[in-house]
Structure formats: C-alpha cells, structure tokens
file input-v9.cif (mmCIF, C-alpha atoms)
data_query
loop_
_atom_site.label_atom_id
_atom_site.label_comp_id
_atom_site.auth_asym_id
_atom_site.auth_seq_id
_atom_site.Cartn_x
_atom_site.Cartn_y
_atom_site.Cartn_z
CA MET W 4 18.60 -120.88 179.69
CA THR W 5 20.45 -123.07 182.18
CA PRO W 6 21.58 -121.61 185.50
CA PRO W 7 25.30 -121.00 186.12
CA HIS W 8 26.97 -124.31 186.78
CA ALA W 9 30.18 -126.28 186.55
CA ALA W 10 30.69 -129.82 185.30
CA VAL W 11 32.84 -132.54 186.81
CA VAL W 12 33.51 -135.52 184.53
CA LEU W 13 34.98 -138.65 186.07
CA ALA W 14 37.33 -140.19 183.53
CA GLY W 15 39.33 -142.67 185.61
CA GLY W 16 38.57 -146.24 186.55
CA ALA W 17 40.12 -149.55 185.59
CA ALA W 18 37.49 -150.59 182.98
CA ARG W 19 37.91 -154.22 184.02
CA ARG W 20 34.96 -155.40 181.91
CA LEU W 21 36.69 -153.85 178.90
CA GLY W 22 39.92 -155.67 179.60
CA GLY W 23 41.58 -152.56 180.99
CA ALA W 24 41.03 -150.47 177.84
CA ASP W 25 41.14 -146.70 178.24
CA LYS W 26 37.37 -146.36 178.12
CA PRO W 27 37.07 -142.56 177.80
CA SER W 28 39.28 -142.73 174.68
CA LEU W 29 37.15 -145.34 172.90
CA ARG W 30 35.47 -143.91 169.81
CA VAL W 31 31.79 -143.97 169.01
CA GLY W 32 30.83 -142.23 165.79
CA GLY W 33 34.37 -140.99 165.22
CA ARG W 34 34.49 -139.18 168.57
CA THR W 35 35.86 -140.39 171.88
CA LEU W 36 33.39 -141.14 174.64
CA LEU W 37 34.95 -138.33 176.66
CA ASP W 38 34.48 -135.80 173.85
CA ARG W 39 30.86 -136.87 173.46
CA VAL W 40 30.26 -136.15 177.15
CA LEU W 41 32.09 -132.83 176.92
CA ALA W 42 29.79 -131.85 174.05
CA GLY W 43 26.78 -132.70 176.20
CA CYS W 44 27.89 -130.40 179.01
CA ALA W 45 29.24 -127.58 176.83
CA GLY W 46 27.10 -125.03 178.67
CA ALA W 47 29.14 -125.32 181.87
CA SER W 48 31.15 -122.25 182.84
CA ARG W 49 33.92 -124.56 184.08
CA THR W 50 34.56 -128.20 183.20
CA VAL W 51 36.81 -130.36 185.36
CA VAL W 52 37.90 -133.77 184.12
CA VAL W 53 39.25 -136.10 186.78
CA GLY W 54 41.62 -138.68 185.37
CA PRO W 55 44.75 -139.02 183.25
CA ARG W 56 45.25 -136.23 180.70
CA ARG W 57 44.02 -136.98 177.20
CA PRO W 58 43.38 -134.92 174.06
CA THR W 59 39.95 -133.28 174.25
CA CYS W 60 37.71 -131.38 171.86
CA ARG W 61 37.73 -128.27 174.08
CA PRO W 62 39.80 -126.90 176.97
CA VAL W 63 39.14 -128.39 180.40
CA THR W 64 40.65 -128.26 183.87
CA TRP W 65 42.41 -131.48 184.80
CA ALA W 66 42.41 -133.01 188.26
CA ARG W 67 43.47 -136.33 189.77
CA GLU W 68 42.15 -138.22 192.75
CA GLU W 69 44.44 -139.30 195.57
CA PRO W 70 45.47 -142.01 195.33
CA PRO W 71 44.99 -142.54 191.59
CA GLY W 72 42.42 -145.27 191.11
CA GLY W 73 40.95 -144.66 194.56
CA GLY W 74 37.39 -144.78 193.32
CA PRO W 75 34.59 -142.39 192.33
CA LEU W 76 34.19 -140.63 195.68
CA PRO W 77 37.84 -139.49 195.92
CA ALA W 78 37.62 -138.49 192.24
CA LEU W 79 34.50 -136.43 192.90
CA HIS W 80 36.19 -134.81 195.89
CA ALA W 81 39.20 -133.91 193.72
CA GLY W 82 36.99 -132.37 191.04
CA LEU W 83 35.00 -130.29 193.50
CA ARG W 84 38.16 -128.54 194.66
CA HIS W 85 38.02 -126.56 191.40
CA VAL W 86 34.30 -125.71 191.57
CA THR W 87 32.96 -122.39 192.83
CA GLU W 88 29.59 -122.43 191.04
CA PRO W 89 26.44 -123.18 193.09
CA LEU W 90 25.45 -126.09 190.84
CA VAL W 91 27.58 -128.86 189.40
CA LEU W 92 26.86 -131.52 186.81
CA VAL W 93 28.54 -134.79 187.74
CA LEU W 94 29.00 -137.12 184.79
CA ALA W 95 30.74 -140.34 183.91
CA ALA W 96 32.98 -140.22 180.84
CA ASP W 97 31.25 -143.14 179.12
CA LEU W 98 27.82 -141.70 178.27
CA PRO W 99 27.64 -141.92 174.46
CA PHE W 100 24.23 -140.27 174.10
CA LEU W 101 24.28 -137.57 176.75
CA GLY W 102 22.55 -134.64 175.07
CA ARG W 103 22.35 -131.04 176.13
CA GLU W 104 18.63 -131.47 176.65
CA THR W 105 19.25 -134.19 179.25
CA ALA W 106 21.91 -132.13 180.99
CA GLY W 107 19.68 -129.05 180.95
CA GLY W 108 16.79 -131.01 182.44
CA LEU W 109 18.95 -132.19 185.33
CA LEU W 110 19.97 -128.62 186.11
CA GLU W 111 16.36 -127.54 186.65
CA LEU W 112 16.28 -128.51 190.30
CA PRO W 113 12.98 -127.78 192.05
CA ALA W 114 12.99 -125.81 195.29
CA GLY W 115 14.08 -127.97 198.20
CA ALA W 116 15.93 -130.51 196.06
CA GLU W 117 19.66 -130.91 196.63
CA ALA W 118 20.27 -133.14 193.64
CA ALA W 119 18.56 -134.20 190.40
CA VAL W 120 19.51 -137.76 189.50
CA LEU W 121 18.76 -139.56 186.26
CA THR W 122 17.03 -142.91 186.73
CA ASP W 123 17.46 -145.64 184.13
CA THR W 124 14.71 -147.67 182.48
CA GLU W 125 14.71 -150.06 185.46
CA GLY W 126 14.32 -147.24 187.97
CA ARG W 127 17.90 -147.28 189.28
CA ASP W 128 19.51 -144.02 190.31
CA GLN W 129 22.53 -142.91 188.27
CA PRO W 130 24.63 -140.68 190.58
CA LEU W 131 27.13 -140.08 187.77
CA THR W 132 24.43 -138.60 185.55
CA ALA W 133 23.20 -135.98 187.94
CA ALA W 134 23.20 -132.32 188.96
CA TYR W 135 24.00 -131.40 192.57
CA ARG W 136 23.88 -128.26 194.61
CA THR W 137 27.55 -127.87 195.34
CA GLU W 138 27.51 -127.24 199.09
CA PRO W 139 25.20 -130.18 199.99
CA LEU W 140 27.43 -132.41 197.85
CA ARG W 141 30.51 -131.25 199.73
CA ARG W 142 28.65 -131.82 202.99
CA GLU W 143 27.87 -135.44 202.15
CA LEU W 144 31.42 -136.18 201.07
CA ALA W 145 32.74 -134.71 204.33
CA LEU W 146 30.24 -136.74 206.39
CA LEU W 147 31.21 -139.96 204.62
CA ALA W 148 34.91 -139.25 205.16
CA ALA W 149 34.26 -138.62 208.85
CA GLU W 150 32.07 -141.72 209.27
CA TYR W 151 34.34 -144.18 207.47
CA GLY W 152 37.65 -142.46 208.01
CA ARG W 153 38.26 -142.38 204.25
CA LEU W 154 36.65 -142.01 200.85
CA VAL W 155 38.95 -144.42 199.04
CA GLY W 156 37.18 -147.58 198.01
CA LEU W 157 33.73 -146.56 199.25
CA PRO W 158 30.79 -147.37 196.94
CA LEU W 159 29.20 -144.48 195.13
CA ARG W 160 25.71 -145.44 196.34
CA LEU W 161 26.55 -144.14 199.82
CA LEU W 162 26.43 -140.60 198.44
CA LEU W 163 22.70 -140.33 197.77
CA PRO W 164 20.76 -141.28 200.96
CA GLY W 165 21.68 -138.04 202.74
CA LEU W 166 20.55 -135.78 199.89
CA ALA W 167 17.08 -134.50 199.07
CA LEU W 168 16.69 -136.07 195.63
CA HIS W 169 14.67 -135.14 192.59
CA ARG W 170 14.56 -138.10 190.21
CA VAL W 171 14.49 -137.55 186.45
CA PRO W 172 13.51 -140.52 184.25
CA ALA W 173 15.91 -141.24 181.41
CA PRO W 174 14.54 -140.24 177.99
CA ALA W 175 12.50 -143.10 176.57
CA ALA W 176 14.32 -144.40 173.53
CA ALA W 177 14.88 -147.73 171.84
CA ASP W 178 16.92 -148.96 168.94
CA ARG W 179 15.40 -150.36 165.74
CA ASN W 180 15.08 -153.78 167.41
CA GLY W 181 13.14 -152.33 170.34
CA ALA W 182 15.98 -152.74 172.85
CA PRO W 183 16.61 -149.86 175.30
CA VAL W 184 19.27 -147.43 174.19
CA VAL W 185 22.66 -147.92 175.85
CA MET W 186 23.13 -145.36 178.62
CA ASP W 187 26.77 -146.13 179.33
CA CYS W 188 29.50 -148.33 177.92
CA ASP W 189 30.79 -150.79 180.48
CA THR W 190 31.26 -153.77 178.14
CA TRP W 191 32.36 -154.34 174.56
CA ALA W 192 28.81 -155.38 173.71
CA GLU W 193 27.54 -151.99 174.90
CA VAL W 194 30.24 -150.19 172.91
CA ALA W 195 29.19 -152.16 169.82
CA ALA W 196 25.51 -151.35 170.45
CA ALA W 197 26.30 -147.64 170.75
CA ARG W 198 28.31 -147.71 167.51
CA ALA W 199 25.47 -149.50 165.73
CA ARG W 200 22.83 -147.08 166.95
CA ILE W 201 24.46 -143.98 165.52
CA ARG W 202 24.41 -145.60 162.07
CA GLU W 203 20.67 -146.15 162.10
CA HIS W 204 18.76 -144.18 159.50
CA GLY W 205 17.09 -141.84 161.97
CA ASN W 206 20.33 -140.98 163.77
CA VAL W 207 23.21 -141.05 161.33
CA LEU W 208 22.78 -137.56 159.87
CA ASP W 209 22.52 -135.79 163.22
CA GLU W 210 25.49 -137.79 164.50
CA TRP W 211 27.56 -136.90 161.44
CA ILE W 212 26.74 -133.19 161.73
CA ALA W 213 27.70 -133.26 165.42
CA ALA W 214 30.95 -135.06 164.64
CA VAL W 215 31.91 -132.63 161.86
CA SER W 216 31.06 -129.64 164.07
CA SER W 217 33.24 -131.02 166.85
CA GLU W 218 36.09 -131.76 164.45
CA LEU W 219 35.96 -128.22 163.02
CA GLY W 220 35.56 -126.57 166.41
CA ILE W 221 32.23 -124.93 165.55
CA ASP W 222 28.87 -124.92 167.26
CA PRO W 223 26.30 -123.93 164.66
CA GLU W 224 22.85 -123.22 166.04
CA VAL W 225 20.99 -123.55 162.76
CA ASP W 226 17.98 -125.41 161.45
CA THR W 227 19.76 -128.27 159.76
CA THR W 228 16.47 -129.59 158.43
CA ALA W 229 15.95 -126.39 156.42
CA LEU W 230 19.49 -126.55 155.06
CA LEU W 231 19.08 -130.19 154.06
CA ASP W 232 15.74 -129.45 152.42
CA ALA W 233 17.39 -126.70 150.38
CA ALA W 234 20.18 -129.05 149.30
CA ARG W 235 17.61 -131.69 148.37
CA ASP W 236 15.66 -129.15 146.32
CA ALA W 237 18.84 -128.32 144.43
CA ALA W 238 19.57 -132.00 143.80
CA HIS W 239 16.07 -132.69 142.48
CA GLY W 240 15.42 -129.45 140.63
CA VAL W 241 18.85 -128.83 139.13
CA THR W 242 21.21 -131.82 139.22
CA ARG W 243 22.43 -134.20 141.92
CA PRO W 244 25.97 -132.76 142.26
CA ALA W 245 24.35 -129.39 143.00
CA ALA W 246 23.49 -130.54 146.53
CA PRO W 247 27.00 -130.54 148.11
CA LEU W 248 28.06 -127.43 146.22
CA THR W 249 24.89 -125.64 147.28
CA THR W 250 25.53 -126.59 150.88
CA PHE W 251 29.03 -125.16 150.64
CA LEU W 252 27.74 -121.92 149.15
CA MET W 253 25.12 -121.54 151.88
CA GLY W 254 27.85 -122.01 154.46
CA TYR W 255 30.00 -119.43 152.69
CA ALA W 256 27.10 -116.98 152.69
CA ALA W 257 26.49 -117.62 156.39
CA ALA W 258 30.15 -116.90 157.12
CA ARG W 259 29.70 -113.54 155.40
CA GLY W 260 26.76 -112.68 157.61
CA LEU W 261 23.65 -114.00 155.86
CA ASP W 262 21.23 -115.75 158.21
CA PRO W 263 21.35 -119.51 157.41
CA ALA W 264 17.56 -119.84 157.46
CA THR W 265 17.26 -116.97 154.98
CA ALA W 266 19.93 -118.54 152.78
CA ALA W 267 18.09 -121.88 152.82
CA ALA W 268 14.77 -120.25 151.95
CA ARG W 269 16.30 -118.32 149.06
CA VAL W 270 18.01 -121.41 147.67
CA SER W 271 14.81 -123.47 147.87
CA ALA W 272 12.87 -120.76 146.05
CA LEU W 273 15.57 -120.51 143.40
CA ALA W 274 15.58 -124.28 142.90
CA ALA W 275 11.80 -124.22 142.49
CA ARG W 276 12.04 -121.50 139.83
CA TRP W 277 14.81 -123.43 138.10
CA ALA W 278 12.72 -126.60 138.04
CA GLU W 279 9.68 -124.75 136.71
CA GLU W 280 11.69 -123.51 133.74
CA GLY W 281 12.79 -127.01 132.86
CA GLY W 282 9.43 -128.76 132.96
CA ALA W 283 8.82 -132.28 131.73
CA PRO W 284 10.14 -133.42 128.34
CA GLY W 285 7.88 -132.01 125.64
CA ASP W 286 6.12 -129.68 128.11
CA THR W 287 6.83 -126.33 126.54
CA THR W 288 4.29 -124.33 128.51
CA ALA W 289 6.10 -125.21 131.73
CA ALA W 290 9.03 -123.10 130.62
CA GLY W 291 6.94 -119.99 131.18
CA LEU W 292 6.88 -118.91 127.51
CA PRO W 293 3.65 -117.83 125.81
CA GLU W 294 1.99 -120.73 124.04
CA GLN W 295 2.08 -119.02 120.64
CA ALA W 296 5.85 -118.58 120.95
CA GLN W 297 6.51 -122.34 121.17
CA PRO W 298 7.99 -123.88 118.00
CA SER W 299 5.99 -126.89 116.84
CA ASP W 300 9.02 -128.54 115.26
CA PRO W 301 12.56 -128.12 116.59
CA ALA W 302 13.85 -128.16 112.98
CA ASP W 303 11.45 -125.41 111.92
CA PRO W 304 12.45 -122.07 113.43
CA SER W 305 9.43 -120.43 111.81
CA GLY W 306 7.12 -122.00 114.32
CA GLN W 307 5.07 -123.86 111.68
CA ALA W 308 5.21 -127.56 111.00
CA GLN W 309 6.05 -128.84 107.51
CA GLY W 310 2.98 -129.03 105.29
CA GLN W 311 1.13 -126.41 107.35
CA ARG W 312 2.75 -123.22 106.07
CA ASP W 313 0.57 -120.53 104.53
CA GLU W 314 0.77 -120.42 100.79
CA PRO W 315 2.26 -117.20 99.38
#

call {"tool": "encode", "arguments": {"input": "input-v9.cif", "output": "structure tokens"}}
result
Amino acid sequence: MTPPHAAVVLAGGAARRLGGADKPSLRVGGRTLLDRVLAGCAGASRTVVVGPRRPTCRPVTWAREEPPGGGPLPALHAGLRHVTEPLVLVLAADLPFLGRETAGGLLELPAGAEAAVLTDTEGRDQPLTAAYRTEPLRRELALLAAEYGRLVGLPLRLLLPGLALHRVPAPAAADRNGAPVVMDCDTWAEVAAARARIREHGNVLDEWIAAVSSELGIDPEVDTTALLDAARDAAHGVTRPAAPLTTFLMGYAAARGLDPATAAARVSALAARWAEEGGAPGDTTAAGLPEQAQPSDPADPSGQAQGQRDEP
C-alpha cells in the first residue's frame, strides 16, 4: 500500500521537436499521453495538472504557471500550491508506459532520502519521473528563486543537487528488436515507437484491457489471465463464438456480486465437462455412457448391427 501522496503532472511546454503539437493530447493505444500518465498515478489522493485544460479520463485540479510557458520550475511551483500531502509524485505528461508499479516504487523513499528519482538506461536522472518529500522540494524551489531572482527559464537540472537523492533504475525492458523501450515521447519517432510497442504480441491484450477500462470508467482488479483462460476453454470445448459471449456473462455475473475468479473457475470446469461429453468423432465412450448402451449402427436403434441379430 502506497503512502498518502499527491501527484503533479506537468502538461505544458512548446513541444518544439514535435512541431508544436499538443503533446499531452497525442494518442498512444487509443488513449492520450496525459490519460496514460493519469492512469499510472491513480493512487494519488490529489492530482494537479499544470497546463492548458484538456479533457481527461478522471477529475483533476488544474493549475497554470506564471507566465504560461515559463518552464518546468515555475510549473512545478504552481502545482505545489495545491499540495498538502507529505509526498508528491512529479511526472511529465508524455510517459506512455508509466505503470502503477513504477510509481509505487518511487514512493517508497528510504529514511533520509528527500527524493526518489528514476534513472534511465544510460544512468541519467529523470526529475520529472520522481517522488519528492514536499517540504524539501518547496525549500529547493525557494532557494533557486532567491539565488537567481526567478524560476522562469531555469533548467530543471538545478533542482536535484540540493536534495538527498535515492535513485531508482528504470525497469529493464526492450522491444521485439532489442531496442530500449521509449520512456518519453519527445519526437515523432518516439511516438511511433510507443505506438508500435503496444501492438506487439506480448503487450496488445493488456493494453487493450487498460484502454477499455479507461474508456468505461472502471478499474477492475481481477485476474485477467483466469478470465481469458475460461473464455479460451469455452472457445475450444464448445464453439468459437462462445468465447465473447462467455466473457460477457462472466462480467454480468461479477456485476451481480459473484467473485470473478470463482466465475472463471466455474466456467472452465463447465467447458471441460461439455468437451468430455462431445469426445472425438466415433468415440462413444467419451460421452460418459455405459459401453453396452452404445448403438453399433446409427440406423439400428436396437443396438445390434445388421446380420448379427439373434435368431427368434
């Protein structure tokens, strides 16, 4: 269980390498980059998005840096005005594969650490994929403002040297070609790589389930593998169209209070019984009937083949 925390998502910036496109609104897997980040930090008690207002998958608090476009440090300062929690996740709005596991790992700050910062595959700190203790973060922003007379235009890297850091390596992952997984989307090539990755065989189903859940406004904590296994059992043991209908019926049962895992187990057992009754063509014993009850000729209901009947 993660400790109480807020989240501040920076969703401004000019996106110059994307030709000025509204980067947080770009879609990867049918969901905007911003919505994907919001899903990754759904455990926050308060989520502040700094930037122009946009449609989002869940309610957030909106803030704007002064002046607009003044850079990440003024944006962070604007977001922190709405934070009262002792911990705050600070995230960019262009992280297509930010998972709750990654966010949860950042929030587990060891004693003495003032920030947990993700480091990329080349060992570089990512201050916009990090968890901070709120008061030390405010302290550093105030010290920078005092030292430079402003926050506008200052580089984000100035934020970290004054903090006691705990570094968290990015999850090791590669695409099917062995290239490191895109952490953020600063260029069109990186957007294209992120879109391609979610369509890979090992990712597409999880991505689709997440997208549908977001679209429907639900957050099912179920064993999707068990549900899929049950649907597969129905497809193989009954008939292929049984799979989607079975999935629907399991969802209907879950809505009426039946535990999804129990529903999946029952359906798999039923499909197994169904398949056993069918058996292979010509395999009459598989149907579970006594051997002596099997007719030897479908056209002979007496159970005796022609030419083998007892004489009267």

call {"tool": "closest_atom_pairs", "arguments": {"input": "input-v9.cif", "of": "segment 77-96 of chain W", "to": "segment 37-46 of chain W", "cutoff": "10 Å", "atoms": "all atoms listed in the file", "output": "Markdown table"}}
result
| residue | atom | partner | partner_atom | distance |
| --- | --- | --- | --- | --- |
| W:Leu92 | CA | W:Cys44 | CA | 7.9 |
| W:Val93 | CA | W:Cys44 | CA | 9.8 |
| W:Leu94 | CA | W:Val40 | CA | 7.8 |
| W:Ala95 | CA | W:Val40 | CA | 8.0 |
| W:Ala96 | CA | W:Leu37 | CA | 5.0 |

call {"tool": "write_last_selection", "arguments": {"input": "input-v9.cif", "atoms": "C-alpha atoms", "output": "PDB file, in the frame of the given file"}}
result
ATOM      1  CA  LEU W  92      26.860-131.520 186.810  1.00  0.00           C
ATOM      2  CA  VAL W  93      28.540-134.790 187.740  1.00  0.00           C
ATOM      3  CA  LEU W  94      29.000-137.120 184.790  1.00  0.00           C
ATOM      4  CA  ALA W  95      30.740-140.340 183.910  1.00  0.00           C
ATOM      5  CA  ALA W  96      32.980-140.220 180.840  1.00  0.00           C
TER       6      ALA W  96
END

call {"tool": "closest_residue", "arguments": {"input": "input-v9.cif", "among": "W:Pro89, W:Gly102, W:Gly54, W:Gly254", "to": "Glu138 of chain W", "atoms": "only C-alpha atoms"}}
result
W:Pro89

call {"tool": "residues_around", "arguments": {"input": "input-v9.cif", "residues": "Gly220 of chain W", "least_positions_apart": "2", "cutoff": "12 Å", "atoms": "only C-alpha atoms", "output": "MDAnalysis selection string"}}
result
chainID W and resid 38 42 59:62 212:218 222:223

call {"tool": "residues_around", "arguments": {"input": "input-v9.cif", "residues": "Arg49 of chain W", "least_positions_apart": "6", "cutoff": "9 Å", "atoms": "all atoms listed in the file", "output": "compact mmCIF listing (two decimals) with C-alpha atoms, in the coordinates of the input"}}
result
# COMPACT_ATOMS: atom_id res chain seq x y z
CA HIS W 8 26.97 -124.31 186.78
CA ALA W 9 30.18 -126.28 186.55
CA ALA W 10 30.69 -129.82 185.30
CA VAL W 11 32.84 -132.54 186.81
CA VAL W 63 39.14 -128.39 180.40
CA THR W 64 40.65 -128.26 183.87
CA HIS W 85 38.02 -126.56 191.40
CA VAL W 86 34.30 -125.71 191.57
CA GLU W 88 29.59 -122.43 191.04

call {"tool": "residues_near_point", "arguments": {"input": "input-v9.cif", "point": "(25.6, -147.4, 174.2)", "cutoff": "9 Å", "atoms": "only C-alpha atoms", "output": "number ranges by chain"}}
result
W: 31, 97-100, 184-189, 192-200

call {"tool": "residues_around", "arguments": {"input": "input-v9.cif", "residues": "segment 146-151 of chain W", "least_positions_apart": "5", "cutoff": "9 Å", "atoms": "only C-alpha atoms", "output": "list in words"}}
result
Arg141, Leu157, Leu161 and Leu162 of chain W

call {"tool": "axis_aligned_box", "arguments": {"input": "input-v9.cif", "around": "segment 255-268 of chain W", "padding_each_side": "3 Å", "output": "AutoDock Vina command-line options"}}
result
--center_x 22.5 --center_y -117.3 --center_z 155.1 --size_x 21.4 --size_y 15.2 --size_z 12.3

call {"tool": "residues_around", "arguments": {"input": "input-v9.cif", "residues": "segment 239-241 of chain W", "least_positions_apart": "5", "cutoff": "9 Å", "atoms": "all atoms listed in the file", "output": "PDB file with C-alpha atoms, in the coordinates of the input"}}
result
ATOM      1  CA  ALA W 234      20.180-129.050 149.300  1.00  0.00           C
ATOM      2  CA  ALA W 246      23.490-130.540 146.530  1.00  0.00           C
ATOM      3  CA  ALA W 274      15.580-124.280 142.900  1.00  0.00           C
ATOM      4  CA  ALA W 275      11.800-124.220 142.490  1.00  0.00           C
ATOM      5  CA  ARG W 276      12.040-121.500 139.830  1.00  0.00           C
ATOM      6  CA  TRP W 277      14.810-123.430 138.100  1.00  0.00           C
ATOM      7  CA  ALA W 278      12.720-126.600 138.040  1.00  0.00           C
ATOM      8  CA  GLU W 279       9.680-124.750 136.710  1.00  0.00           C
ATOM      9  CA  GLY W 281      12.790-127.010 132.860  1.00  0.00           C
TER      10      GLY W 281
END

call {"tool": "resolve_selection", "arguments": {"input": "input-v9.cif", "expression": "the PyMOL selection byres ((chain W and resi 167) around 6)", "output": "number ranges by chain"}}
result
W: 116-117, 166, 168

call {"tool": "write_last_selection", "arguments": {"input": "input-v9.cif", "atoms": "C-alpha atoms", "output": "compact mmCIF listing (two decimals), keeping the file's coordinate frame"}}
result
# COMPACT_ATOMS: atom_id res chain seq x y z
CA ALA W 116 15.93 -130.51 196.06
CA GLU W 117 19.66 -130.91 196.63
CA LEU W 166 20.55 -135.78 199.89
CA LEU W 168 16.69 -136.07 195.63

call {"tool": "decode", "arguments": {"input": "input-v9.cif", "residues": "segment 112-126 of chain W", "atoms": "N, CA and C atoms", "output": "tab-separated table (two decimals), in the first residue's frame"}}
result
chain	number	residue	atom	x	y	z
W	112	LEU	N	10.31	5.84	-0.44
W	112	LEU	CA	11.56	6.53	-0.13
W	112	LEU	C	12.19	5.95	1.14
W	113	PRO	N	13.48	5.62	1.09
W	113	PRO	CA	14.14	5.17	2.32
W	113	PRO	C	14.33	6.33	3.29
W	114	ALA	N	14.56	6.00	4.54
W	114	ALA	CA	14.79	7.03	5.56
W	114	ALA	C	15.99	7.88	5.15
W	115	GLY	N	15.85	9.18	5.30
W	115	GLY	CA	16.94	10.09	4.96
W	115	GLY	C	16.89	10.60	3.54
W	116	ALA	N	16.16	9.94	2.66
W	116	ALA	CA	16.06	10.41	1.28
W	116	ALA	C	14.98	11.48	1.16
W	117	GLU	N	15.28	12.51	0.39
W	117	GLU	CA	14.30	13.58	0.15
W	117	GLU	C	13.61	13.45	-1.21
W	118	ALA	N	14.15	12.58	-2.04
W	118	ALA	CA	13.54	12.36	-3.36
W	118	ALA	C	13.99	11.02	-3.89
W	119	ALA	N	13.09	10.36	-4.61
W	119	ALA	CA	13.42	9.13	-5.35
W	119	ALA	C	13.24	9.45	-6.83
W	120	VAL	N	14.34	9.33	-7.57
W	120	VAL	CA	14.35	9.76	-8.97
W	120	VAL	C	14.63	8.55	-9.85
W	121	LEU	N	13.81	8.39	-10.90
W	121	LEU	CA	14.06	7.33	-11.86
W	121	LEU	C	15.29	7.68	-12.68
W	122	THR	N	16.15	6.70	-12.93
W	122	THR	CA	17.29	6.89	-13.83
W	122	THR	C	17.06	6.05	-15.07
W	123	ASP	N	17.38	6.61	-16.23
W	123	ASP	CA	17.13	5.89	-17.48
W	123	ASP	C	18.22	4.86	-17.73
W	124	THR	N	18.15	4.19	-18.87
W	124	THR	CA	19.07	3.09	-19.17
W	124	THR	C	20.51	3.58	-19.31
W	125	GLU	N	20.70	4.88	-19.49
W	125	GLU	CA	22.05	5.44	-19.59
W	125	GLU	C	22.49	6.09	-18.28
W	126	GLY	N	21.70	5.89	-17.22
W	126	GLY	CA	22.07	6.39	-15.92
W	126	GLY	C	21.74	7.85	-15.66
